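Engineer: File name data.txt; file contents compact mmCIF, C-alpha atoms; full text below.
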# COMPACT_ATOMS: atom_id res chain seq x y z
CA MET M 30 -7.97 -33.71 15.44
CA TYR M 31 -7.43 -30.35 17.17
CA LEU M 32 -6.66 -30.62 20.89
CA LEU M 33 -7.63 -27.76 23.19
CA SER M 34 -4.93 -26.15 25.29
CA SER M 35 -5.40 -25.91 29.06
CA THR M 36 -6.32 -22.23 28.69
CA GLU M 37 -8.91 -23.04 26.02
CA ARG M 38 -10.41 -25.80 28.16
CA LEU M 39 -10.76 -23.43 31.11
CA ALA M 40 -12.34 -20.82 28.85
CA ARG M 41 -14.87 -23.36 27.55
CA GLU M 42 -15.72 -24.43 31.10
CA LEU M 43 -16.20 -20.79 32.13
CA GLU M 44 -18.37 -20.17 29.08
CA THR M 45 -20.58 -23.15 29.93
CA ALA M 46 -20.94 -22.02 33.55
CA LEU M 47 -21.77 -18.42 32.60
CA GLN M 48 -24.25 -19.54 29.96
CA ALA M 49 -26.05 -21.69 32.51
CA ALA M 50 -26.01 -18.98 35.21
CA ALA M 51 -27.34 -16.35 32.81
CA THR M 52 -29.80 -18.76 31.18
CA ALA M 53 -28.40 -17.56 27.86
CA THR M 54 -29.45 -19.27 24.64
CA ARG M 55 -26.21 -18.44 22.84
CA SER M 56 -22.59 -17.85 23.80
CA HIS M 57 -19.19 -17.88 22.15
CA THR M 58 -15.62 -17.90 23.45
CA LEU M 59 -13.16 -15.58 21.74
CA THR M 60 -9.39 -15.86 21.81
CA PRO M 61 -7.90 -13.40 24.32
CA ILE M 62 -6.60 -10.01 23.19
CA LYS M 63 -2.84 -9.71 23.69
CA ARG M 64 -2.19 -6.38 25.39
CA GLY M 65 1.02 -4.49 26.06
CA GLY M 66 4.48 -5.33 24.83
CA PRO M 67 6.95 -3.45 22.60
CA PHE M 68 4.87 -3.77 19.40
CA GLU M 69 1.30 -3.93 18.14
CA ARG M 70 -0.20 -7.18 16.86
CA TYR M 71 -3.54 -5.85 15.64
CA PHE M 72 -4.22 -3.95 12.43
CA PRO M 73 -7.48 -3.25 10.55
CA THR M 74 -8.74 -4.38 7.17
CA ALA M 75 -9.96 -1.76 4.70
CA ASP M 76 -13.51 -2.13 6.06
CA GLU M 77 -12.33 -1.92 9.68
CA ARG M 78 -12.34 -5.56 10.73
CA LEU M 79 -9.61 -6.39 13.23
CA LEU M 80 -6.75 -8.72 12.30
CA GLU M 81 -4.23 -10.30 14.67
CA TYR M 82 -0.76 -10.79 13.17
CA ASP M 83 1.88 -13.30 14.28
CA ILE M 84 4.37 -10.51 15.02
CA ASP M 85 7.22 -11.55 17.29
CA LYS M 86 9.76 -8.72 17.05
CA LEU M 87 10.11 -4.97 16.58
CA VAL M 88 12.90 -4.55 14.02
CA PHE M 89 12.93 -0.76 13.55
CA GLU M 90 11.09 2.25 14.91
CA ALA M 91 11.47 5.98 14.32
CA ARG M 92 9.35 9.05 13.79
CA SER M 93 10.09 10.99 10.64
CA PRO M 94 8.90 14.56 10.02
CA TYR M 95 5.91 12.99 8.24
CA GLN M 96 4.87 9.79 10.01
CA LYS M 97 5.63 7.04 12.49
CA VAL M 98 7.80 4.41 10.79
CA GLN M 99 8.06 0.83 12.05
CA ILE M 100 9.30 -2.45 10.68
CA VAL M 101 8.14 -5.52 12.57
CA HIS M 102 8.79 -9.20 11.98
CA SER M 103 5.95 -11.62 11.29
CA LYS M 104 6.48 -15.38 11.45
CA SER M 105 4.47 -15.89 8.26
CA LEU M 106 5.05 -12.63 6.35
CA GLY M 107 8.67 -11.81 7.14
CA ASN M 108 9.47 -8.15 7.82
CA LEU M 109 6.47 -5.85 7.59
CA LEU M 110 6.57 -2.08 7.05
CA VAL M 111 4.03 -0.24 9.22
CA LEU M 112 3.35 3.48 8.67
CA ASP M 113 1.28 5.39 11.22
CA GLU M 114 0.00 2.11 12.70
CA LEU M 115 -1.18 0.74 9.33
CA GLN M 116 0.29 -2.27 7.53
CA ASN M 117 1.99 -1.13 4.32
CA MET M 118 4.19 -3.79 2.70
CA SER M 119 5.67 -7.12 3.74
CA GLU M 120 8.32 -9.40 2.32
CA ALA M 121 5.49 -11.74 1.21
CA ASP M 122 3.72 -9.10 -0.92
CA LEU M 123 5.35 -9.40 -4.35
CA ILE M 124 1.86 -9.97 -5.78
CA TYR M 125 0.96 -6.40 -4.77
CA THR M 126 3.79 -4.92 -6.83
CA GLU M 127 3.27 -7.26 -9.77
CA THR M 128 -0.44 -6.45 -9.95
CA LEU M 129 0.19 -2.72 -9.57
CA MET M 130 2.60 -2.79 -12.53
CA GLN M 131 0.55 -5.40 -14.44
CA ARG M 132 3.61 -7.57 -14.97
CA GLY M 133 3.31 -9.62 -18.13
CA LYS M 134 0.63 -7.29 -19.54
CA GLU M 135 2.62 -4.05 -19.85
CA ASN M 136 5.94 -3.57 -21.66
CA TYR M 137 8.30 -1.28 -19.75
CA ALA M 138 11.39 -1.82 -21.89
CA GLY M 139 12.75 1.53 -23.07
CA LYS M 140 9.97 3.48 -21.33
CA GLU M 141 10.14 6.65 -19.25
CA ILE M 142 8.46 6.24 -15.88
CA VAL M 143 7.59 8.31 -12.80
CA ILE M 144 6.84 6.79 -9.39
CA LEU M 145 4.95 8.94 -6.88
CA GLY M 146 5.82 7.63 -3.43
CA GLY M 147 6.99 4.03 -3.36
CA GLY M 148 9.36 4.56 -0.43
CA ASP M 149 9.68 0.84 0.31
CA GLY M 150 11.53 0.48 -3.01
CA GLY M 151 9.60 -2.59 -4.12
CA LEU M 152 8.07 -1.04 -7.23
CA LEU M 153 11.32 0.62 -8.32
CA TRP M 154 13.24 -2.65 -7.90
CA GLU M 155 10.76 -4.67 -9.95
CA LEU M 156 10.49 -2.02 -12.68
CA LEU M 157 14.27 -1.89 -13.08
CA LYS M 158 14.18 -5.60 -13.95
CA GLU M 159 12.06 -4.67 -17.00
CA LYS M 160 14.88 -2.56 -18.58
CA PRO M 161 13.13 0.84 -18.71
CA LYS M 162 14.82 3.84 -20.30
CA TYR M 163 14.59 5.87 -17.09
CA VAL M 164 12.64 5.84 -13.81
CA THR M 165 12.21 8.95 -11.66
CA MET M 166 10.96 8.19 -8.16
CA LEU M 167 9.53 11.03 -6.04
CA GLU M 168 9.46 10.11 -2.34
CA ILE M 169 9.22 12.56 0.53
CA ASP M 170 10.28 10.36 3.47
CA ASP M 171 13.97 9.53 3.60
CA VAL M 172 13.51 7.69 6.91
CA VAL M 173 11.28 5.09 5.22
CA MET M 174 13.76 4.54 2.40
CA LYS M 175 16.75 4.13 4.71
CA ALA M 176 14.85 1.71 6.96
CA CYS M 177 13.68 -0.41 4.02
CA SER M 178 17.14 -0.38 2.46
CA GLN M 179 18.45 -1.97 5.64
CA HIS M 180 15.59 -4.23 6.73
CA MET M 181 13.49 -4.97 3.58
CA ARG M 182 16.18 -5.89 1.07
CA SER M 183 14.29 -8.93 -0.18
CA ILE M 184 11.78 -6.56 -1.80
CA CYS M 185 13.93 -3.51 -2.68
CA GLY M 186 17.30 -5.10 -3.43
CA ASP M 187 20.04 -2.46 -3.51
CA CYS M 188 18.10 0.23 -5.42
CA LEU M 189 17.65 2.39 -2.29
CA ASP M 190 21.35 2.31 -1.41
CA LYS M 191 22.03 5.29 -3.66
CA ARG M 192 19.88 8.10 -4.98
CA LYS M 193 20.92 7.78 -8.62
CA GLY M 194 21.75 4.85 -10.89
CA ASP M 195 22.35 4.28 -14.58
CA ASN M 196 18.67 4.47 -15.45
CA TYR M 197 16.94 5.78 -12.34
CA GLU M 198 16.91 8.65 -9.88
CA ILE M 199 15.28 9.03 -6.48
CA ILE M 200 14.31 12.61 -5.68
CA VAL M 201 13.61 13.16 -1.98
CA GLY M 202 10.90 15.78 -1.77
CA ASP M 203 7.26 16.70 -2.32
CA CYS M 204 5.91 14.90 -5.39
CA VAL M 205 3.20 17.56 -5.87
CA LYS M 206 5.82 20.27 -6.35
CA ALA M 207 7.90 18.00 -8.58
CA LEU M 208 4.86 17.22 -10.75
CA ALA M 209 4.04 20.92 -11.05
CA HIS M 210 7.59 21.56 -12.23
CA MET M 211 7.33 18.75 -14.79
CA ILE M 212 4.08 20.24 -16.10
CA GLU M 213 5.72 23.65 -16.45
CA GLU M 214 8.58 22.08 -18.42
CA GLY M 215 6.17 20.21 -20.68
CA ARG M 216 7.66 16.83 -19.79
CA GLN M 217 5.73 13.66 -20.64
CA PHE M 218 6.10 10.04 -19.58
CA ASP M 219 4.95 6.60 -20.65
CA TYR M 220 3.85 5.62 -17.15
CA VAL M 221 3.09 7.40 -13.90
CA PHE M 222 2.63 5.23 -10.81
CA GLY M 223 0.62 6.54 -7.89
CA ASP M 224 1.99 4.56 -4.94
CA LEU M 225 0.74 7.00 -2.33
CA THR M 226 -2.29 6.99 -0.03
CA ASP M 227 -5.19 4.54 -0.30
CA ILE M 228 -8.63 5.67 -1.42
CA PRO M 229 -10.31 7.22 1.65
CA ILE M 230 -13.16 5.44 3.40
CA SER M 231 -15.88 8.09 3.67
CA THR M 232 -19.55 8.70 2.93
CA THR M 233 -18.82 11.39 0.32
CA PRO M 234 -15.78 12.16 -1.88
CA HIS M 235 -14.95 15.35 0.01
CA GLY M 236 -12.28 16.48 2.46
CA ASP M 237 -8.51 16.91 2.44
CA ALA M 238 -7.74 13.29 1.48
CA TRP M 239 -10.04 13.41 -1.55
CA ASP M 240 -8.68 16.84 -2.54
CA PHE M 241 -5.17 15.36 -2.47
CA ILE M 242 -6.24 12.44 -4.66
CA ARG M 243 -7.82 14.82 -7.20
CA LEU M 244 -4.67 16.94 -7.24
CA ILE M 245 -2.46 13.90 -7.84
CA LEU M 246 -4.73 12.53 -10.57
CA ASN M 247 -5.08 15.83 -12.44
CA SER M 248 -1.35 16.51 -12.21
CA SER M 249 -0.43 12.99 -13.31
CA VAL M 250 -2.59 12.90 -16.43
CA LYS M 251 -1.03 16.20 -17.54
CA VAL M 252 2.42 14.58 -17.75
CA LEU M 253 1.28 11.45 -19.60
CA LYS M 254 2.13 10.87 -23.23
CA PRO M 255 -0.98 10.37 -25.40
CA THR M 256 -0.44 6.60 -25.13
CA GLY M 257 0.66 6.75 -21.49
CA LYS M 258 -0.96 5.20 -18.43
CA TYR M 259 -1.47 6.13 -14.79
CA MET M 260 -1.20 3.02 -12.61
CA THR M 261 -2.32 2.99 -8.99
CA HIS M 262 -3.77 0.96 -6.13
CA GLY M 263 -7.24 1.60 -4.81
CA ASN M 264 -8.53 -0.01 -1.65
CA GLY M 265 -9.92 -3.28 -0.40
CA ALA M 266 -12.55 -5.05 -2.48
CA SER M 267 -14.61 -5.00 0.71
CA CYS M 268 -15.14 -1.23 0.25
CA PRO M 269 -17.19 -0.95 -2.97
CA GLU M 270 -18.69 2.41 -2.01
CA SER M 271 -15.31 4.16 -1.79
CA LEU M 272 -14.15 2.49 -5.00
CA LYS M 273 -17.28 3.74 -6.79
CA MET M 274 -16.62 7.28 -5.54
CA TYR M 275 -13.04 7.05 -6.84
CA GLU M 276 -14.32 5.99 -10.25
CA GLU M 277 -16.67 8.97 -10.25
CA VAL M 278 -13.67 11.21 -9.53
CA LEU M 279 -11.88 9.65 -12.52
CA SER M 280 -14.81 10.65 -14.73
CA GLN M 281 -14.44 14.29 -13.67
CA LEU M 282 -10.71 14.90 -14.26
CA CYS M 283 -9.32 17.83 -16.23
CA LEU M 284 -8.65 15.45 -19.14
CA PRO M 285 -11.02 12.64 -20.20
CA VAL M 286 -9.82 9.16 -19.26
CA THR M 287 -10.82 5.52 -19.41
CA PHE M 288 -9.80 2.89 -16.87
CA THR M 289 -9.54 -0.82 -16.26
CA LYS M 290 -9.27 -2.67 -12.95
CA ASP M 291 -7.52 -5.70 -11.55
CA ARG M 292 -7.51 -7.35 -8.14
CA ALA M 293 -5.21 -9.57 -6.11
CA PHE M 294 -5.10 -11.08 -2.64
CA VAL M 295 -2.33 -9.29 -0.74
CA PRO M 296 -0.91 -11.49 2.05
CA SER M 297 -0.16 -8.75 4.57
CA PHE M 298 -3.59 -7.14 4.05
CA PHE M 299 -5.39 -10.50 4.36
CA GLU M 300 -7.85 -9.34 1.68
CA ASP M 301 -8.31 -8.68 -2.02
CA TRP M 302 -6.99 -5.29 -3.17
CA ILE M 303 -8.14 -3.33 -6.22
CA PHE M 304 -5.71 -1.78 -8.74
CA TYR M 305 -6.46 0.76 -11.47
CA GLN M 306 -4.96 1.36 -14.92
CA VAL M 307 -5.96 4.78 -16.25
CA SER M 308 -5.48 5.88 -19.89
CA LEU M 309 -6.18 9.11 -21.75
CA LYS M 310 -9.13 8.97 -24.16
Written as structure tokens, that's how I'd like the structure from this file.

Structural biologist:
Amino acid sequence: MYLLSSTERLARELETALQAAATATRSHTLTPIKRGGPFERYFPTADERLLEYDIDKLVFEARSPYQKVQIVHSKSLGNLLVLDELQNMSEADLIYTETLMQRGKENYAGKEIVILGGGDGGLLWELLKEKPKYVTMLEIDDVVMKACSQHMRSICGDCLDKRKGDNYEIIVGDCVKALAHMIEEGRQFDYVFGDLTDIPISTTPHGDAWDFIRLILNSSVKVLKPTGKYMTHGNGASCPESLKMYEEVLSQLCLPVTFTKDRAFVPSFFEDWIFYQVSLK
């Protein structure tokens, strides 16, 4: 049996008194909003519902040339990477990475792979366990990588400690320029992972964010081998309209493609997330 705290009892008494005074037919007491302090506790879902997290400590904070970078500690999720006030990856989110890479369904042994983004290092770390031939990771924000290397080691291991290993390299820079250079050189890969921005929430597939997504998609399919795949995350399952618009964009790329989808509940998002696997026709 749940016992009310003294604060909750007082709130219920106040609710009853106000309901009677206002002759209201319906009332409801909400938990109080926690304001102030050295860190935020509230972050949105994909469809803009408000979530309160059990954050108890600010672990890291800095502003890079590209974004505000924070790592906070959650009692239930462990350390949580927050970029520009949006939850990004927690120590409890292995399911995100495993669904993105379709672990157990795709064979990465001996394959050549490109990661676009992925600054938390989680995807690179898990891919390296699959014995690929070579992984090239293109990440623009060195501040994110250094912070995760120090404070998110349970998800990235030691792969962010150096910029080059036996079968991987991390190139710090603009992935768009790097992709353009790869296209010019005629390079092709077995897998390209888009671990960048989420699908925008908008009424139409127009604007800078959508233009960026089109650029990334069209550039990525140009460096795929005929049997290659582009793997990416979409958005929350609670946003079917934006997911439908993304699928329409896929149907209009410079090269014809087919796609499949998967979904998984991501602990730090508190919702189901959609993942795409895109192949050349």

Engineer: Grab the atom CA of M:Met174 to atom CA of M:Gly150 distance for me, in Å with one decimal place.

Structural biologist: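 Straight-line distance from atom CA of M:Met174 to atom CA of M:Gly150 works out to 7.1 Å.
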
Engineer: Kindly list the centre and edge lengths in Å, rounded to one decimal, for the axis-aligned box that covers all listed atoms of stretch 140-150 of chain M plus 3 Å on each of its six sides, as JSON.

Structural biologist:
{"center_x": 8.2, "center_y": 4.7, "center_z": -10.5, "size_x": 12.6, "size_y": 14.5, "size_z": 27.6}

Engineer: Could you give me, as a ChimeraX atom specification, the residues that have an atom at most 10 Å away from the point (-16.3, 8.9, 1.0) in the coordinates of the file, using only C-alpha atoms?

Structural biologist: /M:228-236,238-239,270-275

Engineer: Store the residues picked out above in a file with C-alpha atoms, as a PDB file, keeping the file's coordinate frame.

Structural biologist:
ATOM      1  CA  ILE M 228      -8.630   5.670  -1.420  1.00  0.00           C
ATOM      2  CA  PRO M 229     -10.310   7.220   1.650  1.00  0.00           C
ATOM      3  CA  ILE M 230     -13.160   5.440   3.400  1.00  0.00           C
ATOM      4  CA  SER M 231     -15.880   8.090   3.670  1.00  0.00           C
ATOM      5  CA  THR M 232     -19.550   8.700   2.930  1.00  0.00           C
ATOM      6  CA  THR M 233     -18.820  11.390   0.320  1.00  0.00           C
ATOM      7  CA  PRO M 234     -15.780  12.160  -1.880  1.00  0.00           C
ATOM      8  CA  HIS M 235     -14.950  15.350   0.010  1.00  0.00           C
ATOM      9  CA  GLY M 236     -12.280  16.480   2.460  1.00  0.00           C
ATOM     10  CA  ALA M 238      -7.740  13.290   1.480  1.00  0.00           C
ATOM     11  CA  TRP M 239     -10.040  13.410  -1.550  1.00  0.00           C
ATOM     12  CA  GLU M 270     -18.690   2.410  -2.010  1.00  0.00           C
ATOM     13  CA  SER M 271     -15.310   4.160  -1.790  1.00  0.00           C
ATOM     14  CA  LEU M 272     -14.150   2.490  -5.000  1.00  0.00           C
ATOM     15  CA  LYS M 273     -17.280   3.740  -6.790  1.00  0.00           C
ATOM     16  CA  MET M 274     -16.620   7.280  -5.540  1.00  0.00           C
ATOM     17  CA  TYR M 275     -13.040   7.050  -6.840  1.00  0.00           C
TER      18      TYR M 275
END

Engineer: Give the answer as one residue: which of M:Thr45, M:Ser119, M:Ser35, M:Thr165 has the shortest atom-to-atom distance to M:Arg192, using only C-alpha atoms?

Structural biologist: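 Once distances to M:Arg192 are computed over only C-alpha atoms, the minimum belongs to M:Thr165.
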
Engineer: Grab the atom CA of M:Asp190 to atom CA of M:Ser103 distance for me, in Å with one decimal place.

Structural biologist: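 Calculated distance between atom CA of M:Asp190 and atom CA of M:Ser103 is 24.3 Å.
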
Engineer: Applying 9 Å and only C-alpha atoms, which residues near M:Leu284 remain after dropping the ones on its own chain fewer than 5 positions away? List them as a PyMOL selection string.

Structural biologist: chain M and resi 247+250-251+309-310

Engineer: Can you tell me how far atom CA of M:Gly186 sits from atom CA of M:Gly223, in Å to one decimal?

Structural biologist: 20.8 Å

Engineer: With only C-alpha atoms as the counted atoms, please give the residues lying no more than 9 Å from stretch 204-221 of chain M, apart from itself and same-chain residues fewer than 5 positions off, as a compact mmCIF listing (two decimals) with C-alpha atoms, in the coordinates of the input.

Structural biologist:
# COMPACT_ATOMS: atom_id res chain seq x y z
CA TYR M 137 8.30 -1.28 -19.75
CA LYS M 140 9.97 3.48 -21.33
CA GLU M 141 10.14 6.65 -19.25
CA ILE M 142 8.46 6.24 -15.88
CA VAL M 143 7.59 8.31 -12.80
CA ILE M 144 6.84 6.79 -9.39
CA LEU M 145 4.95 8.94 -6.88
CA GLY M 146 5.82 7.63 -3.43
CA MET M 166 10.96 8.19 -8.16
CA LEU M 167 9.53 11.03 -6.04
CA GLU M 168 9.46 10.11 -2.34
CA ILE M 169 9.22 12.56 0.53
CA LEU M 244 -4.67 16.94 -7.24
CA ILE M 245 -2.46 13.90 -7.84
CA SER M 248 -1.35 16.51 -12.21
CA SER M 249 -0.43 12.99 -13.31
CA VAL M 250 -2.59 12.90 -16.43
CA LYS M 251 -1.03 16.20 -17.54
CA VAL M 252 2.42 14.58 -17.75
CA LEU M 253 1.28 11.45 -19.60
CA LYS M 254 2.13 10.87 -23.23
CA PRO M 255 -0.98 10.37 -25.40
CA THR M 256 -0.44 6.60 -25.13
CA GLY M 257 0.66 6.75 -21.49
CA LYS M 258 -0.96 5.20 -18.43
CA TYR M 259 -1.47 6.13 -14.79
CA MET M 260 -1.20 3.02 -12.61
CA THR M 261 -2.32 2.99 -8.99

Engineer: Could you list, as a VMD selection string, every residue within 10 Å of M:Leu156, counting only C-alpha atoms and ignoring same-chain residues fewer than 3 positions away?

Structural biologist: chain M and resid 126 to 127 130 132 137 to 138 142 151 to 153 159 to 161 163 to 164

Engineer: From the list M:Leu109, M:Val173, M:Leu115, M:Leu123, which residue is nearest M:Glu77 when using all atoms listed in the file?

Structural biologist: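 Selected residue with least distance to M:Glu77: M:Leu115.
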
Engineer: Have a look at M:Ala53, M:Leu110, M:Leu59, M:Pro73 and name the one nearest to M:Arg41; count all atoms listed in the file.

Structural biologist: M:Leu59

Engineer: Which residue, M:Gln96, M:Arg182, M:Asp195, M:Arg243, has the smallest gap to M:Glu277 when you use only C-alpha atoms?

Structural biologist: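 With only C-alpha atoms as the atom set, the closest residue is M:Arg243.
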
Engineer: Set the distance at 9 Å and use all atoms listed in the file: which residues neighbour M:Ala176 once local chain neighbours fewer than 2 positions away are removed? I'd like the list as an MDAnalysis selection string.

Structural biologist: chainID M and resid 89:90 98:100 149 171:174 178:181

Engineer: Just C-alpha atoms for this one: save the residues we selected as a PDB file, in the frame of the given file.

Structural biologist:
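Okay, selection-v9.pdb is ready:
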ATOM      1  CA  PHE M  89      12.930  -0.760  13.550  1.00  0.00           C
ATOM      2  CA  GLU M  90      11.090   2.250  14.910  1.00  0.00           C
ATOM      3  CA  VAL M  98       7.800   4.410  10.790  1.00  0.00           C
ATOM      4  CA  GLN M  99       8.060   0.830  12.050  1.00  0.00           C
ATOM      5  CA  ILE M 100       9.300  -2.450  10.680  1.00  0.00           C
ATOM      6  CA  ASP M 149       9.680   0.840   0.310  1.00  0.00           C
ATOM      7  CA  ASP M 171      13.970   9.530   3.600  1.00  0.00           C
ATOM      8  CA  VAL M 172      13.510   7.690   6.910  1.00  0.00           C
ATOM      9  CA  VAL M 173      11.280   5.090   5.220  1.00  0.00           C
ATOM     10  CA  MET M 174      13.760   4.540   2.400  1.00  0.00           C
ATOM     11  CA  SER M 178      17.140  -0.380   2.460  1.00  0.00           C
ATOM     12  CA  GLN M 179      18.450  -1.970   5.640  1.00  0.00           C
ATOM     13  CA  HIS M 180      15.590  -4.230   6.730  1.00  0.00           C
ATOM     14  CA  MET M 181      13.490  -4.970   3.580  1.00  0.00           C
TER      15      MET M 181
END

Engineer: Just the residues within 6 Å of M:Gly265, please, counting all atoms listed in the file, with nothing from its chain fewer than 3 positions along; format it as a PyMOL selection string.

Structural biologist: chain M and resi 75+268+301-302

Engineer: Distance table requested - stretch 121-194 of chain M against stretch 291-296 of chain M, cut-off 7 Å, only C-alpha atoms: one row per qualifying residue with the closest atom pair and its distance in Å to one decimal, ordered by chain and rising residue number, as CSV.

Structural biologist:
residue,atom,partner,partner_atom,distance
M:Ala121,CA,M:Pro296,CA,6.5
M:Asp122,CA,M:Pro296,CA,6.0
M:Ile124,CA,M:Val295,CA,6.6
M:Tyr125,CA,M:Val295,CA,6.0
M:Thr128,CA,M:Ala293,CA,6.9

Engineer: I need the residue nearest M:Ser297 from this list: M:Gly263, M:Gly107, M:Pro285, M:Gly139. Use only C-alpha atoms for the distance.

Structural biologist: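 Of the candidates, the smallest distance to M:Ser297 is held by M:Gly107.
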
Engineer: Would you kindly identify which residues have an atom no farther than 9 Å from (-3.3, 3.1, -6.3), using all atoms listed in the file and the file's own coordinates, and write them out as a compact mmCIF listing (two decimals) with C-alpha atoms, keeping the file's coordinate frame?

Structural biologist:
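Just written: result.txt:
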# COMPACT_ATOMS: atom_id res chain seq x y z
CA LEU M 129 0.19 -2.72 -9.57
CA PHE M 222 2.63 5.23 -10.81
CA GLY M 223 0.62 6.54 -7.89
CA ASP M 224 1.99 4.56 -4.94
CA LEU M 225 0.74 7.00 -2.33
CA THR M 226 -2.29 6.99 -0.03
CA ASP M 227 -5.19 4.54 -0.30
CA ILE M 228 -8.63 5.67 -1.42
CA MET M 260 -1.20 3.02 -12.61
CA THR M 261 -2.32 2.99 -8.99
CA HIS M 262 -3.77 0.96 -6.13
CA GLY M 263 -7.24 1.60 -4.81
CA ASN M 264 -8.53 -0.01 -1.65
CA ILE M 303 -8.14 -3.33 -6.22
CA PHE M 304 -5.71 -1.78 -8.74
CA TYR M 305 -6.46 0.76 -11.47
CA GLN M 306 -4.96 1.36 -14.92

Engineer: Calculated over only C-alpha atoms, which of the candidates M:Thr74, M:Ser280, M:Lys104, M:Thr60 has the smallest distance to M:Lys86?

Structural biologist: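 Result for the nearest residue to M:Lys86: M:Lys104.
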